[in-house]
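Novice: There's a structure below that I have some questions on.
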Amino acid sequence: MEEHINGITAIQVDIKIDGLTYDIIEEAFARTKKAREYILNEIMLKQIEEPRKELSKYAPKINTTKIAIDKIKDVIGPGGKMINKIIDETGVKIDIQEDGNVFIYSQEQESGNKALAMIEEIAREIELNGVYEGKVVRIMNFGAFVDVGGGKEGLLHISKISDKRINKVEDVLKIGDAVKVKVYEIDEQGRINLTAKDV
């Protein structure tokens with residue numbers, strides 16, 4: 001048929017015949033169009049005038065993201081440790097494909113969003129001059145090591161913590177503190193150096 005009719009993708013024939021003539025197909029389209037319009041306009045429209053602005057809380061939700069292929073192993077973790085931790089904490093199902101596409105299936109939007117944030121945190125690329133909300137994980141006499149996400153830690157040297165002179169790191173920071181930092185250097189060995197000044 002030359003004519004294209006929007007909304008029809010296939011015809012199912014319940015009666016076994018040798019073939020369909022154009023007349024039969026045309027009549028089938030006319031009848032189904034009439035039936036479809038009746039269902040939509042006379043039945044459905046009277047029940048709900050427009051699509052709901054939000055999905056029902058009981059409807060399954062799907063969140064998607066794409067991560068770098070070399071980050072897939074980090075999200076899965078050794079022996080599936082990391083991905084299982086995300087699943088245990090959020091109750092979602094996760095499908096990671098070889099091209100880096102990630103599908104998160106959840107019953108509640110909140111748990112899907114939480115899992116998405118956790119995955120994106122692990123898969124995040126740390127960039128030179130990037131500003132990150134980090135977490136202090138270790139304190140030494142020369143500075144603090146800060147988890148900046150993506151499984152990476154950077155050194156916040158005592159001289160880069162504040163514009164004021166600091167005698168002891170512990171006077172300003174403690175383990176678990178959130179601190180906003182900027183990556184000012186990534187050396188040849190991949191070590192990350194951070195500053196909290198003017199951030």
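Chain labels A, B, ... are given in the sequence in which chains occur in the structure tokens; within each chain residues are numbered consecutively from 1, and ligands are likewise numbered from 1 in the order shown.
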Write out as a list of chain:residue names the residues lying within 8 Å of A:Leu156, counting only C-alpha atoms and excluding same-chain residues fewer than 6 positions away.
Specialist: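 Surrounding residues, per the criterion: A:Gly143, A:Ala144, A:Phe145, A:Val146, A:Asn193, A:Leu194, A:Thr195, A:Ala196.
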Novice: Per DSSP on the backbone, what are the alpha helix (DSSP H) residues of stretch 42-94 of chain A, as an MDAnalysis selection string?
Specialist: chainID A and resid 45:47 72:76 81:90
Novice: Within 12 Å of A:Ala117, counting only C-alpha atoms, which residues qualify if same-chain residues fewer than 6 places away don't, as a list of chain:residue names?
Specialist: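 With the cut-off at 12 Å, the set is A:Asn63, A:Thr64, A:Thr65, A:Val75, A:Ile86, A:Thr90, A:Ile104, A:Glu110, A:Ser111, A:Ala123, A:Arg124, A:Gly149, A:Gly150.
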Novice: Name all residues at most 12 Å from stretch 158-165 of chain A (count only C-alpha atoms; drop same-chain ones fewer than 3 positions away) and give them as a VMD selection string.
Specialist: chain A and resid 136 139 to 146 155 168 to 173 179 to 184 193 to 199
Novice: Next, dump the selected residues to file, keeping only C-alpha atoms, as a short mmCIF file (atom, residue, chain, number, x, y, z; two decimals), in the first residue's frame.
Specialist:
data_model
loop_
_atom_site.label_atom_id
_atom_site.label_comp_id
_atom_site.auth_asym_id
_atom_site.auth_seq_id
_atom_site.Cartn_x
_atom_site.Cartn_y
_atom_site.Cartn_z
CA VAL A 136 38.46 13.28 54.66
CA ILE A 139 45.01 12.50 58.39
CA MET A 140 48.80 12.72 58.41
CA ASN A 141 51.05 15.35 59.97
CA PHE A 142 51.66 16.87 56.50
CA GLY A 143 48.02 16.96 55.32
CA ALA A 144 44.79 15.07 54.79
CA PHE A 145 43.82 12.49 52.22
CA VAL A 146 40.44 13.27 50.70
CA LEU A 155 46.34 14.85 49.07
CA LYS A 168 48.18 20.78 63.07
CA VAL A 169 45.81 19.33 60.46
CA GLU A 170 43.59 18.04 63.29
CA ASP A 171 42.96 21.64 64.40
CA VAL A 172 40.95 22.16 61.19
CA LEU A 173 39.92 18.76 59.84
CA VAL A 179 35.48 19.45 52.31
CA LYS A 180 35.26 21.27 48.99
CA VAL A 181 38.50 20.90 47.06
CA LYS A 182 40.00 21.69 43.69
CA VAL A 183 42.41 19.45 41.75
CA TYR A 184 45.40 21.66 40.96
CA ASN A 193 47.03 17.08 44.66
CA LEU A 194 44.26 19.22 46.07
CA THR A 195 43.69 22.69 47.42
CA ALA A 196 40.86 24.07 49.54
CA LYS A 197 41.98 27.69 49.11
CA ASP A 198 39.67 30.02 47.16
CA VAL A 199 37.31 27.17 46.27
#
Novice: Using only C-alpha atoms for the distances, tell me which of A:Gly151, A:Gly91, A:Gly19, A:Gly190 is nearest to A:Asp74.
Specialist: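 With only C-alpha atoms as the atom set, the closest residue is A:Gly151.
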Novice: Could you work out how far atom CA of A:Met118 lies from atom CA of A:Ile72, giving the answer in Å with one decimal?
Specialist: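 Spanning atom CA of A:Ile72 to atom CA of A:Met118 is a straight-line distance of 13.1 Å.
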Novice: Run DSSP on the backbone and grab whatever in stretch 25-72 of chain A lands in strand (DSSP E or B); send it over as a PyMOL selection string.
Specialist: chain A and resi 61-66
Novice: With distances taken over only C-alpha atoms, which of A:Ile25, A:Ala30, A:Ile122, A:Leu128 is nearest to A:Lys73?
Specialist: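 Smallest separation from A:Lys73 among the options: A:Ile122.
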Novice: Enter the distance from atom CA of A:Tyr132 to atom CA of A:Asp147, in Å, rounded to one decimal.
Specialist: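 Pair atom CA of A:Tyr132 / atom CA of A:Asp147 returns 9.4 Å.
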Novice: Which one of A:Gly80, A:Lys71, A:Glu121, A:Leu40 sits closest to A:Asn101 if you count only C-alpha atoms?
Specialist: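 For A:Asn101, the nearest of the candidates is A:Lys71.
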Novice: Ranking A:Ile69, A:Met82, A:Ile62, A:Val131 by minimum distance to A:Gly100 and counting only C-alpha atoms, which one comes first?
Specialist: A:Ile69
Novice: Counting only C-alpha atoms, figure out which residue out of A:Glu37, A:Glu50, A:Lys114, A:Ala68 gets nearest to A:Ile96.
Specialist: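 Of A:Glu37, A:Glu50, A:Lys114, A:Ala68, the one nearest A:Ile96 is A:Ala68, counting only C-alpha atoms.
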Novice: Fewer than 5 positions away in the same chain doesn't count, so skip those; otherwise give me all residues within 12 Å of A:Asn84, counting only C-alpha atoms, as a VMD selection string.
Specialist: chain A and resid 75 to 79 89 to 95 115 118 to 119
Novice: What does the distance from atom CA of A:Lys85 to atom CA of A:Asp70 come to in Å, to one decimal?
Specialist: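 One can read the atom CA of A:Lys85 to atom CA of A:Asp70 distance as 19.8 Å.
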